[in-house]
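Visitor: Dropping in start_23.cif, with mmCIF, C-alpha atoms and all ligand atoms.
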```
data_data
loop_
_atom_site.group_PDB
_atom_site.id
_atom_site.type_symbol
_atom_site.label_atom_id
_atom_site.label_comp_id
_atom_site.auth_asym_id
_atom_site.auth_seq_id
_atom_site.Cartn_x
_atom_site.Cartn_y
_atom_site.Cartn_z
ATOM 1 C CA MET Y 51 84.976 92.096 76.205
ATOM 2 C CA ASP Y 52 82.948 93.775 78.939
ATOM 3 C CA ILE Y 53 85.999 95.222 80.639
ATOM 4 C CA LEU Y 54 89.089 96.647 79.004
ATOM 5 C CA ALA Y 55 92.218 97.591 80.966
ATOM 6 C CA VAL Y 56 95.054 99.691 79.545
ATOM 7 C CA GLY Y 57 98.544 99.795 81.021
ATOM 8 C CA GLU Y 58 101.847 98.108 81.699
ATOM 9 C CA PRO Y 59 102.333 94.508 82.855
ATOM 10 C CA LEU Y 60 105.544 93.579 84.632
ATOM 11 C CA LEU Y 61 107.276 90.397 85.646
ATOM 12 C CA GLU Y 62 107.651 90.348 89.413
ATOM 13 C CA PHE Y 63 110.589 89.112 91.485
ATOM 14 C CA ASN Y 64 109.339 88.814 95.016
ATOM 15 C CA ALA Y 65 111.806 88.427 97.883
ATOM 16 C CA ARG Y 66 111.377 85.577 100.281
ATOM 17 C CA ILE Y 67 112.356 87.518 103.334
ATOM 18 C CA SER Y 68 115.255 85.870 105.091
ATOM 19 C CA GLY Y 69 115.837 88.447 107.779
ATOM 20 C CA ALA Y 70 115.020 91.882 109.047
ATOM 21 C CA GLY Y 71 116.512 94.269 106.490
ATOM 22 C CA PRO Y 72 115.681 95.012 102.850
ATOM 23 C CA VAL Y 73 117.787 92.870 100.480
ATOM 24 C CA GLN Y 74 120.052 90.327 102.151
ATOM 25 C CA GLY Y 75 122.883 88.491 100.433
ATOM 26 C CA ASP Y 76 121.138 85.144 100.752
ATOM 27 C CA ASP Y 77 117.663 86.283 99.656
ATOM 28 C CA THR Y 78 115.928 84.385 96.923
ATOM 29 C CA PHE Y 79 113.278 85.921 94.682
ATOM 30 C CA THR Y 80 110.191 84.113 93.475
ATOM 31 C CA LEU Y 81 108.981 84.827 89.959
ATOM 32 C CA GLY Y 82 105.467 86.211 89.723
ATOM 33 C CA TYR Y 83 103.366 88.659 87.762
ATOM 34 C CA GLY Y 84 102.528 92.293 88.391
ATOM 35 C CA GLY Y 85 101.607 95.528 86.757
ATOM 36 C CA ASP Y 86 98.571 97.186 88.296
ATOM 37 C CA THR Y 87 96.271 96.997 85.269
ATOM 38 C CA SER Y 88 97.217 93.373 84.571
ATOM 39 C CA ASN Y 89 96.499 92.558 88.222
ATOM 40 C CA PHE Y 90 93.167 94.329 87.784
ATOM 41 C CA ALA Y 91 92.275 92.286 84.687
ATOM 42 C CA VAL Y 92 93.142 88.995 86.410
ATOM 43 C CA ALA Y 93 91.110 89.987 89.486
ATOM 44 C CA ALA Y 94 88.116 90.867 87.325
ATOM 45 C CA ALA Y 95 88.413 87.579 85.420
ATOM 46 C CA ARG Y 96 88.682 85.554 88.644
ATOM 47 C CA SER Y 97 85.488 87.280 89.760
ATOM 48 C CA GLY Y 98 83.770 86.090 86.591
ATOM 49 C CA ALA Y 99 84.051 89.109 84.264
ATOM 50 C CA ARG Y 100 85.051 89.039 80.597
ATOM 51 C CA ALA Y 101 88.159 91.212 80.715
ATOM 52 C CA GLY Y 102 90.668 92.122 78.018
ATOM 53 C CA TYR Y 103 93.983 93.933 78.128
ATOM 54 C CA VAL Y 104 95.547 96.640 75.963
ATOM 55 C CA THR Y 105 99.329 96.815 76.210
ATOM 56 C CA ARG Y 106 102.672 96.318 74.503
ATOM 57 C CA ILE Y 107 105.155 93.637 75.561
ATOM 58 C CA GLY Y 108 108.426 92.330 74.158
ATOM 59 C CA ASP Y 109 108.925 89.112 72.256
ATOM 60 C CA ASP Y 110 111.214 88.036 75.111
ATOM 61 C CA ASP Y 111 110.626 85.223 77.622
ATOM 62 C CA PHE Y 112 109.036 87.631 80.102
ATOM 63 C CA GLY Y 113 106.486 88.729 77.522
ATOM 64 C CA SER Y 114 105.725 85.079 76.734
ATOM 65 C CA ALA Y 115 105.248 84.328 80.440
ATOM 66 C CA LEU Y 116 102.734 87.176 80.736
ATOM 67 C CA LEU Y 117 100.867 86.004 77.646
ATOM 68 C CA ARG Y 118 100.581 82.517 79.139
ATOM 69 C CA LEU Y 119 99.269 84.041 82.371
ATOM 70 C CA TRP Y 120 96.492 85.943 80.581
ATOM 71 C CA GLU Y 121 95.599 82.913 78.479
ATOM 72 C CA ARG Y 122 95.312 80.735 81.606
ATOM 73 C CA GLU Y 123 93.197 83.366 83.319
ATOM 74 C CA GLY Y 124 90.917 83.957 80.362
ATOM 75 C CA VAL Y 125 92.031 87.583 79.965
ATOM 76 C CA GLY Y 126 91.654 88.663 76.331
ATOM 77 C CA THR Y 127 94.946 89.342 74.542
ATOM 78 C CA GLU Y 128 93.622 90.501 71.172
ATOM 79 C CA HIS Y 129 94.943 94.015 71.849
ATOM 80 C CA VAL Y 130 98.340 93.005 73.203
ATOM 81 C CA VAL Y 131 101.103 94.062 70.796
ATOM 82 C CA ARG Y 132 104.412 92.144 70.835
ATOM 83 C CA GLU Y 133 107.408 94.239 69.899
ATOM 84 C CA ALA Y 134 110.271 92.514 68.123
ATOM 85 C CA GLY Y 135 113.385 93.011 70.245
ATOM 86 C CA GLY Y 136 111.395 94.693 73.060
ATOM 87 C CA ARG Y 137 112.315 94.006 76.682
ATOM 88 C CA THR Y 138 109.280 93.579 78.912
ATOM 89 C CA GLY Y 139 109.539 95.528 82.182
ATOM 90 C CA ILE Y 140 110.251 93.894 85.535
ATOM 91 C CA TYR Y 141 110.318 94.852 89.193
ATOM 92 C CA PHE Y 142 111.793 93.509 92.380
ATOM 93 C CA ASN Y 143 109.695 93.589 95.519
ATOM 94 C CA SER Y 144 112.185 93.447 98.383
ATOM 95 C CA ARG Y 145 109.414 93.868 100.933
ATOM 96 C CA THR Y 146 110.231 94.195 104.586
ATOM 97 C CA GLY Y 147 107.659 92.548 106.773
ATOM 98 C CA SER Y 148 104.372 93.377 105.120
ATOM 99 C CA GLU Y 149 105.496 96.569 103.356
ATOM 100 C CA SER Y 150 106.126 96.572 99.587
ATOM 101 C CA ARG Y 151 109.417 98.043 98.291
ATOM 102 C CA PHE Y 152 109.533 98.178 94.508
ATOM 103 C CA THR Y 153 112.654 98.538 92.364
ATOM 104 C CA TYR Y 154 111.684 98.945 88.717
ATOM 105 C CA PHE Y 155 113.511 98.028 85.524
ATOM 106 C CA ARG Y 156 110.996 99.354 83.030
ATOM 107 C CA ALA Y 157 112.523 102.390 81.298
ATOM 108 C CA HIS Y 158 112.116 102.053 77.499
ATOM 109 C CA SER Y 159 109.862 99.043 77.935
ATOM 110 C CA PRO Y 160 107.453 98.237 75.101
ATOM 111 C CA ALA Y 161 104.548 99.446 77.262
ATOM 112 C CA SER Y 162 106.210 102.840 77.637
ATOM 113 C CA ARG Y 163 105.745 103.164 73.875
ATOM 114 C CA LEU Y 164 101.952 102.850 74.233
ATOM 115 C CA ALA Y 165 100.440 105.687 72.221
ATOM 116 C CA PRO Y 166 96.948 106.836 71.223
ATOM 117 C CA GLN Y 167 97.056 104.709 68.057
ATOM 118 C CA ASP Y 168 97.326 101.564 70.235
ATOM 119 C CA ILE Y 169 93.894 102.210 71.729
ATOM 120 C CA PRO Y 170 91.370 99.976 69.936
ATOM 121 C CA ALA Y 171 88.514 102.422 69.423
ATOM 122 C CA ASP Y 172 85.865 99.817 68.580
ATOM 123 C CA ALA Y 173 86.776 97.684 71.590
ATOM 124 C CA VAL Y 174 86.580 100.730 73.896
ATOM 125 C CA ARG Y 175 83.208 101.687 72.438
ATOM 126 C CA GLY Y 176 81.979 98.097 72.733
ATOM 127 C CA ALA Y 177 83.172 97.584 76.311
ATOM 128 C CA ARG Y 178 81.040 98.358 79.332
ATOM 129 C CA LEU Y 179 83.946 99.555 81.452
ATOM 130 C CA LEU Y 180 87.411 100.916 80.701
ATOM 131 C CA HIS Y 181 90.029 100.865 83.454
ATOM 132 C CA LEU Y 182 93.300 102.701 83.693
ATOM 133 C CA THR Y 183 95.528 104.194 86.313
ATOM 134 C CA GLY Y 184 98.064 106.819 87.179
ATOM 135 C CA ILE Y 185 100.786 104.257 86.442
ATOM 136 C CA THR Y 186 99.433 103.877 82.885
ATOM 137 C CA GLN Y 187 99.897 107.619 82.488
ATOM 138 C CA ALA Y 188 103.199 107.878 84.377
ATOM 139 C CA ILE Y 189 105.298 105.581 82.240
ATOM 140 C CA SER Y 190 105.756 107.991 79.302
ATOM 141 C CA PRO Y 191 104.184 111.050 77.661
ATOM 142 C CA SER Y 192 102.782 108.913 74.827
ATOM 143 C CA ALA Y 193 101.221 106.459 77.304
ATOM 144 C CA CYS Y 194 99.782 109.448 79.152
ATOM 145 C CA ASP Y 195 98.213 110.641 75.897
ATOM 146 C CA ALA Y 196 96.945 107.120 75.194
ATOM 147 C CA GLY Y 197 95.193 107.156 78.556
ATOM 148 C CA PHE Y 198 93.449 110.478 77.910
ATOM 149 C CA HIS Y 199 92.522 109.379 74.392
ATOM 150 C CA ALA Y 200 91.003 106.126 75.697
ATOM 151 C CA MET Y 201 89.012 108.000 78.338
ATOM 152 C CA GLU Y 202 87.668 110.509 75.819
ATOM 153 C CA LEU Y 203 86.606 107.696 73.487
ATOM 154 C CA ALA Y 204 84.908 105.871 76.354
ATOM 155 C CA ARG Y 205 83.059 108.964 77.547
ATOM 156 C CA ARG Y 206 81.723 109.709 74.076
ATOM 157 C CA ALA Y 207 80.529 106.098 73.751
ATOM 158 C CA GLY Y 208 78.946 105.870 77.197
ATOM 159 C CA THR Y 209 81.494 103.261 78.358
ATOM 160 C CA LEU Y 210 82.059 103.601 82.115
ATOM 161 C CA VAL Y 211 85.567 104.688 83.071
ATOM 162 C CA SER Y 212 87.236 103.578 86.296
ATOM 163 C CA TYR Y 213 90.484 105.214 87.377
ATOM 164 C CA ASP Y 214 92.886 104.287 90.152
ATOM 165 C CA PRO Y 215 95.499 106.993 90.891
ATOM 166 C CA ASN Y 216 98.068 104.361 91.949
ATOM 167 C CA LEU Y 217 100.475 107.173 92.717
ATOM 168 C CA ARG Y 218 104.055 105.919 92.382
ATOM 169 C CA PRO Y 219 106.360 108.861 93.220
ATOM 170 C CA ALA Y 220 109.354 106.977 91.778
ATOM 171 C CA LEU Y 221 107.816 107.180 88.312
ATOM 172 C CA TRP Y 222 107.192 110.916 87.871
ATOM 173 C CA PRO Y 223 107.515 114.363 89.446
ATOM 174 C CA ALA Y 224 104.901 115.148 92.091
ATOM 175 C CA GLU Y 225 103.387 118.193 90.379
ATOM 176 C CA ARG Y 226 102.937 116.452 87.056
ATOM 177 C CA ALA Y 227 101.551 113.368 88.775
ATOM 178 C CA ARG Y 228 98.977 115.467 90.626
ATOM 179 C CA ALA Y 229 97.911 117.388 87.516
ATOM 180 C CA VAL Y 230 97.542 114.321 85.300
ATOM 181 C CA ILE Y 231 95.907 112.090 87.896
ATOM 182 C CA MET Y 232 93.370 114.697 88.997
ATOM 183 C CA ARG Y 233 92.458 115.285 85.338
ATOM 184 C CA GLY Y 234 91.991 111.507 85.044
ATOM 185 C CA VAL Y 235 89.721 111.641 88.084
ATOM 186 C CA GLU Y 236 87.659 114.369 86.384
ATOM 187 C CA LEU Y 237 87.228 112.197 83.299
ATOM 188 C CA CYS Y 238 86.191 109.028 85.112
ATOM 189 C CA ASP Y 239 82.930 107.694 86.501
ATOM 190 C CA ILE Y 240 84.511 105.629 89.275
ATOM 191 C CA ALA Y 241 87.576 106.902 91.157
ATOM 192 C CA LEU Y 242 89.449 104.382 93.287
ATOM 193 C CA PRO Y 243 92.169 106.121 95.364
ATOM 194 C CA ASN Y 244 93.726 104.770 98.529
ATOM 195 C CA LEU Y 245 94.049 106.945 101.603
ATOM 196 C CA THR Y 246 97.825 107.499 101.380
ATOM 197 C CA GLU Y 247 97.797 108.705 97.800
ATOM 198 C CA GLY Y 248 94.496 110.492 98.355
ATOM 199 C CA ARG Y 249 96.115 112.589 101.064
ATOM 200 C CA ALA Y 250 99.115 113.346 98.846
ATOM 201 C CA LEU Y 251 96.941 114.297 95.878
ATOM 202 C CA THR Y 252 94.362 116.429 97.684
ATOM 203 C CA GLY Y 253 96.387 117.919 100.545
ATOM 204 C CA GLU Y 254 93.600 116.853 102.920
ATOM 205 C CA ASP Y 255 94.197 114.643 105.936
ATOM 206 C CA ASP Y 256 90.849 113.524 107.298
ATOM 207 C CA PRO Y 257 89.512 110.560 105.239
ATOM 208 C CA LYS Y 258 86.096 112.170 104.745
ATOM 209 C CA ALA Y 259 87.741 115.391 103.504
ATOM 210 C CA VAL Y 260 89.898 113.351 101.109
ATOM 211 C CA LEU Y 261 86.814 111.540 99.842
ATOM 212 C CA ASP Y 262 84.956 114.827 99.356
ATOM 213 C CA ALA Y 263 87.864 116.318 97.422
ATOM 214 C CA PHE Y 264 87.598 113.470 94.905
ATOM 215 C CA VAL Y 265 83.799 113.713 94.759
ATOM 216 C CA ARG Y 266 84.079 117.426 93.923
ATOM 217 C CA ARG Y 267 86.065 116.503 90.793
ATOM 218 C CA GLY Y 268 82.940 114.870 89.381
ATOM 219 C CA PRO Y 269 83.031 111.042 89.418
ATOM 220 C CA ALA Y 270 79.644 109.514 90.246
ATOM 221 C CA THR Y 271 81.302 106.943 92.492
ATOM 222 C CA VAL Y 272 84.400 107.285 94.659
ATOM 223 C CA VAL Y 273 85.852 104.525 96.816
ATOM 224 C CA LEU Y 274 88.553 105.561 99.260
ATOM 225 C CA LYS Y 275 90.470 102.369 100.100
ATOM 226 C CA MET Y 276 91.869 102.379 103.619
ATOM 227 C CA GLY Y 277 93.441 98.908 103.987
ATOM 228 C CA ALA Y 278 92.828 97.431 107.419
ATOM 229 C CA GLU Y 279 90.362 100.264 108.118
ATOM 230 C CA GLY Y 280 88.053 99.196 105.280
ATOM 231 C CA ALA Y 281 86.859 101.781 102.774
ATOM 232 C CA LEU Y 282 84.624 104.821 102.373
ATOM 233 C CA LEU Y 283 82.205 104.755 99.468
ATOM 234 C CA ALA Y 284 80.581 107.898 98.078
ATOM 235 C CA HIS Y 285 77.752 107.211 95.671
ATOM 236 C CA GLU Y 286 74.629 109.196 94.780
ATOM 237 C CA GLY Y 287 75.185 111.679 97.588
ATOM 238 C CA THR Y 288 75.529 108.988 100.262
ATOM 239 C CA VAL Y 289 78.681 107.988 102.101
ATOM 240 C CA THR Y 290 78.847 104.358 103.229
ATOM 241 C CA ARG Y 291 81.548 102.876 105.424
ATOM 242 C CA ILE Y 292 82.700 99.506 104.075
ATOM 243 C CA ALA Y 293 83.882 97.290 106.918
ATOM 244 C CA PRO Y 294 87.341 95.719 106.672
ATOM 245 C CA HIS Y 295 87.690 91.975 106.421
ATOM 246 C CA PRO Y 296 90.348 91.105 109.025
ATOM 247 C CA VAL Y 297 93.187 88.888 107.791
ATOM 248 C CA ARG Y 298 96.812 88.171 108.648
ATOM 249 C CA GLN Y 299 98.605 90.246 106.032
ATOM 250 C CA VAL Y 300 101.705 88.848 104.324
ATOM 251 C CA ASP Y 301 102.112 91.089 101.277
ATOM 252 C CA PRO Y 302 99.809 93.983 100.335
ATOM 253 C CA THR Y 303 101.018 94.137 96.702
ATOM 254 C CA GLY Y 304 98.082 94.244 94.326
ATOM 255 C CA ALA Y 305 95.382 94.596 96.995
ATOM 256 C CA GLY Y 306 94.124 97.873 95.544
ATOM 257 C CA ASP Y 307 94.119 96.426 92.020
ATOM 258 C CA THR Y 308 92.200 93.391 93.242
ATOM 259 C CA PHE Y 309 89.657 95.679 94.893
ATOM 260 C CA ASP Y 310 89.219 97.544 91.603
ATOM 261 C CA GLY Y 311 88.865 94.400 89.453
ATOM 262 C CA ALA Y 312 86.504 92.637 91.846
ATOM 263 C CA PHE Y 313 84.423 95.824 92.199
ATOM 264 C CA ALA Y 314 84.148 96.237 88.421
ATOM 265 C CA ALA Y 315 83.158 92.599 87.934
ATOM 266 C CA ARG Y 316 80.362 92.808 90.479
ATOM 267 C CA LEU Y 317 79.065 96.186 89.277
ATOM 268 C CA LEU Y 318 78.724 94.846 85.762
ATOM 269 C CA ASP Y 319 76.714 91.828 86.859
ATOM 270 C CA GLY Y 320 74.145 94.119 88.430
ATOM 271 C CA THR Y 321 75.242 93.966 92.062
ATOM 272 C CA SER Y 322 74.423 97.188 93.929
ATOM 273 C CA VAL Y 323 77.315 99.600 94.404
ATOM 274 C CA PRO Y 324 77.614 99.085 98.209
ATOM 275 C CA GLU Y 325 77.416 95.285 97.870
ATOM 276 C CA ALA Y 326 80.008 95.354 95.096
ATOM 277 C CA ALA Y 327 82.288 97.364 97.416
ATOM 278 C CA ARG Y 328 81.778 94.861 100.255
ATOM 279 C CA TYR Y 329 82.661 92.019 97.906
ATOM 280 C CA ALA Y 330 85.723 93.907 96.662
ATOM 281 C CA ALA Y 331 86.917 94.626 100.208
ATOM 282 C CA VAL Y 332 86.910 90.906 101.019
ATOM 283 C CA ALA Y 333 88.673 90.062 97.739
ATOM 284 C CA ALA Y 334 91.325 92.707 98.445
ATOM 285 C CA ALA Y 335 91.874 91.465 101.991
ATOM 286 C CA LEU Y 336 92.291 87.864 100.803
ATOM 287 C CA THR Y 337 94.904 88.863 98.263
ATOM 288 C CA THR Y 338 97.163 90.212 101.026
ATOM 289 C CA THR Y 339 97.360 86.802 102.725
ATOM 290 C CA GLY Y 340 99.990 85.416 100.331
ATOM 291 C CA PRO Y 341 103.112 86.740 98.618
ATOM 292 C CA GLY Y 342 103.024 88.256 95.136
ATOM 293 C CA ALA Y 343 100.564 90.448 93.283
ATOM 294 C CA VAL Y 344 98.678 87.803 91.318
ATOM 295 C CA THR Y 345 98.906 84.336 92.882
ATOM 296 C CA PRO Y 346 96.759 85.129 95.946
ATOM 297 C CA ILE Y 347 94.012 86.997 94.048
ATOM 298 C CA PRO Y 348 90.881 85.060 95.056
ATOM 299 C CA HIS Y 349 88.273 83.510 92.800
ATOM 300 C CA ARG Y 350 84.627 84.445 93.195
ATOM 301 C CA ASP Y 351 83.617 81.349 95.192
ATOM 302 C CA ALA Y 352 86.284 82.035 97.839
ATOM 303 C CA VAL Y 353 85.037 85.598 98.299
ATOM 304 C CA GLU Y 354 81.389 84.602 98.355
ATOM 305 C CA ALA Y 355 82.027 81.896 100.925
ATOM 306 C CA LEU Y 356 83.185 84.627 103.296
ATOM 307 C CA LEU Y 357 80.491 87.116 102.427
ATOM 308 C CA ASP Y 358 77.839 84.601 103.487
ATOM 309 C CA GLY Y 359 74.605 86.270 102.518
ATOM 310 C CA GLY Y 360 76.143 89.526 101.390
ATOM 311 C CA ARG Y 361 78.169 90.722 104.389
ATOM 312 C CA PRO Y 362 81.522 89.680 105.788
HETATM 313 O O1 LIG I 401 99.598 97.727 92.574
HETATM 314 C C1 LIG I 401 100.618 96.755 92.483
HETATM 315 C C2 LIG I 401 101.618 97.223 91.492
HETATM 316 O O2 LIG I 401 102.186 98.408 91.982
HETATM 317 C C3 LIG I 401 102.714 96.240 91.228
HETATM 318 O O3 LIG I 401 102.211 95.070 90.628
HETATM 319 C C4 LIG I 401 103.805 96.841 90.392
HETATM 320 O O4 LIG I 401 102.567 97.734 88.577
HETATM 321 C C5 LIG I 401 103.358 97.910 89.432
HETATM 322 C C6 LIG I 401 103.873 99.254 89.581
HETATM 323 O O5 LIG I 401 104.009 99.917 88.549
HETATM 324 O O6 LIG I 401 104.131 99.682 90.700
#
```
Let's see the structure in the file written out as structure tokens.

Guide:
Amino acid sequence: MDILAVGEPLLEFNARISGAGPVQGDDTFTLGYGGDTSNFAVAAARSGARAGYVTRIGDDDFGSALLRLWEREGVGTEHVVREAGGRTGIYFNSRTGSESRFTYFRAHSPASRLAPQDIPADAVRGARLLHLTGITQAISPSACDAGFHAMELARRAGTLVSYDPNLRPALWPAERARAVIMRGVELCDIALPNLTEGRALTGEDDPKAVLDAFVRRGPATVVLKMGAEGALLAHEGTVTRIAPHPVRQVDPTGAGDTFDGAFAARLLDGTSVPEAARYAAVAAALTTTGPGAVTPIPHRDAVEALLDGGRP
């Protein structure tokens, strides 16, 4: 595998909004797939990369559904452990309008038992890029350790590390989140924060100041994702503004993960860093045009059709 992602997959129950408020008595929920690192792996695969996943799931129906997803998408499952009796985590997205609202049922999930010994050292050394996130490290102390262990292995082997803070305040206390995530940023080559979490993590407000605060931690490449405002890319001492691709947004869930996966896929096929970011911005925008984290993730041809010669 060229790309290896480590983290927690979740089954998704996505509200079909019937009215104005959060959950209504007559709402129905559509089954889908989520989990930031799983979304990332699917996005990378749909952009043509050879991606594999490291996680733990239960031997329940939800785990089986996720396995079928990865098999359909061509995401490698060699390092997916199935726990007998384990209950795979789920979340409800009772979004209002185009804003995600997650309710998790993931405590004591198999993925929360990820530990350093689950990290396949040879696969990390053999991969070209390792991806993990703040969520990977939030779900339990042993998963946090697994994340640091994987990053150390990758750094020693010369495997690129990409890290998305994906700050989820519901999952851990703010101070611990900041300390762990900013250490993750120091250990990575490519940091992929969004503006909201970037502000919370750095205490800065202005996007350029947020970007600089991440750059100072050491990653060679930082992309600050700003949704409908596009993105700011810092690479080799140059800051490039990545234009947004305007769309009618339905559900932003998974847009950041799609950016990350599409970006990784393009970087590894030799696309320049700014062009890879332009491609990723279009992929991320497209994924907001439908409900659910995974279903609307675009394939490479759909993104390239819009890029038309390299620019949206
Ligand atoms: O980035 C999208 C994810 O947040 C969503 O799929 C659910 O993984 C999830 C999480 O932990 O919030």

Visitor: For a test of reading the model, state the distance in Å between CA of Thr80 (chain Y) and CA of Asp111 (chain Y), rounded to one decimal.

Guide: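 The value is 15.9 Å.
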
Visitor: Neighbouring residues of Trp120 (chain Y) were defined as those with any atom within 10 Å, considering all atoms listed in the file; residues of the same chain fewer than 6 positions away were excluded. Please report them as a ChimeraX atom specification.

Guide: /Y:88,91-92,95,101-103,126-127

Visitor: Within 10 Å of region 305-312 of chain Y, counting all atoms listed in the file, which residues show up once you throw out same-chain ones fewer than 6 positions away? Write them as a ChimeraX atom specification, please.

Guide: /Y:53,55,85-99,101,181,183,212-214,216,240-244,273,275-277,326-339,343-344,346-350,353

Visitor: Specify as an MDAnalysis selection string each residue included when the PyMOL selection byres (((chain Y and resi 221) around 10) and not hetatm) is applied to this file.

Guide: chainID Y and resid 154 156:157 184:185 187:190 217:220 222:224 227

Visitor: Got time to write the residues from that selection, C-alpha atoms, as a PDB file, in the coordinates of the input?

Guide:
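Just written: part_16.pdb:
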```pdb
ATOM      1  CA  TYR Y 154     111.684  98.945  88.717  1.00  0.00           C
ATOM      2  CA  ARG Y 156     110.996  99.354  83.030  1.00  0.00           C
ATOM      3  CA  ALA Y 157     112.523 102.390  81.298  1.00  0.00           C
ATOM      4  CA  GLY Y 184      98.064 106.819  87.179  1.00  0.00           C
ATOM      5  CA  ILE Y 185     100.786 104.257  86.442  1.00  0.00           C
ATOM      6  CA  GLN Y 187      99.897 107.619  82.488  1.00  0.00           C
ATOM      7  CA  ALA Y 188     103.199 107.878  84.377  1.00  0.00           C
ATOM      8  CA  ILE Y 189     105.298 105.581  82.240  1.00  0.00           C
ATOM      9  CA  SER Y 190     105.756 107.991  79.302  1.00  0.00           C
ATOM     10  CA  LEU Y 217     100.475 107.173  92.717  1.00  0.00           C
ATOM     11  CA  ARG Y 218     104.055 105.919  92.382  1.00  0.00           C
ATOM     12  CA  PRO Y 219     106.360 108.861  93.220  1.00  0.00           C
ATOM     13  CA  ALA Y 220     109.354 106.977  91.778  1.00  0.00           C
ATOM     14  CA  TRP Y 222     107.192 110.916  87.871  1.00  0.00           C
ATOM     15  CA  PRO Y 223     107.515 114.363  89.446  1.00  0.00           C
ATOM     16  CA  ALA Y 224     104.901 115.148  92.091  1.00  0.00           C
ATOM     17  CA  ALA Y 227     101.551 113.368  88.775  1.00  0.00           C
TER      18      ALA Y 227
END
```

Visitor: Using all atoms listed in the file, which of the listed residues (Y:Val272, Y:Ala161, Y:Ala173, Y:Met51) sits closest to ligand LIG 401 (chain I)?

Guide: Y:Ala161

Visitor: Using only the atoms of ligand LIG 401 (chain I) listed in the file, plus 3 Å on each side, state the axis-aligned box centre and edge lengths in Å rounded to one decimal, as JSON.

Guide:
```
{"center_x": 101.9, "center_y": 97.5, "center_z": 90.6, "size_x": 10.5, "size_y": 10.8, "size_z": 10.0}
```

Visitor: Which polymer residues have any atom within 10 Å of an atom of Gly139 (chain Y), counting all atoms listed in the file, with same-chain residues fewer than 2 positions away left out, as a PyMOL selection string?

Guide: chain Y and resi 58-62+84-85+107-108+112-113+136-137+141+154-162

Visitor: Give me, please, the distance in Å between CA of Cys194 (chain Y) and CA of Gln167 (chain Y), quoted to one decimal.

Guide: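 Result for CA of Cys194 (chain Y) versus CA of Gln167 (chain Y): 12.4 Å, one decimal.
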
Visitor: Just give me the gap between CA of Glu286 (chain Y) and atom C1 of ligand LIG 401 (chain I) in Å, one decimal is fine.

Guide: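 Value for the CA of Glu286 (chain Y)-atom C1 of ligand LIG 401 (chain I) distance: 28.9 Å.
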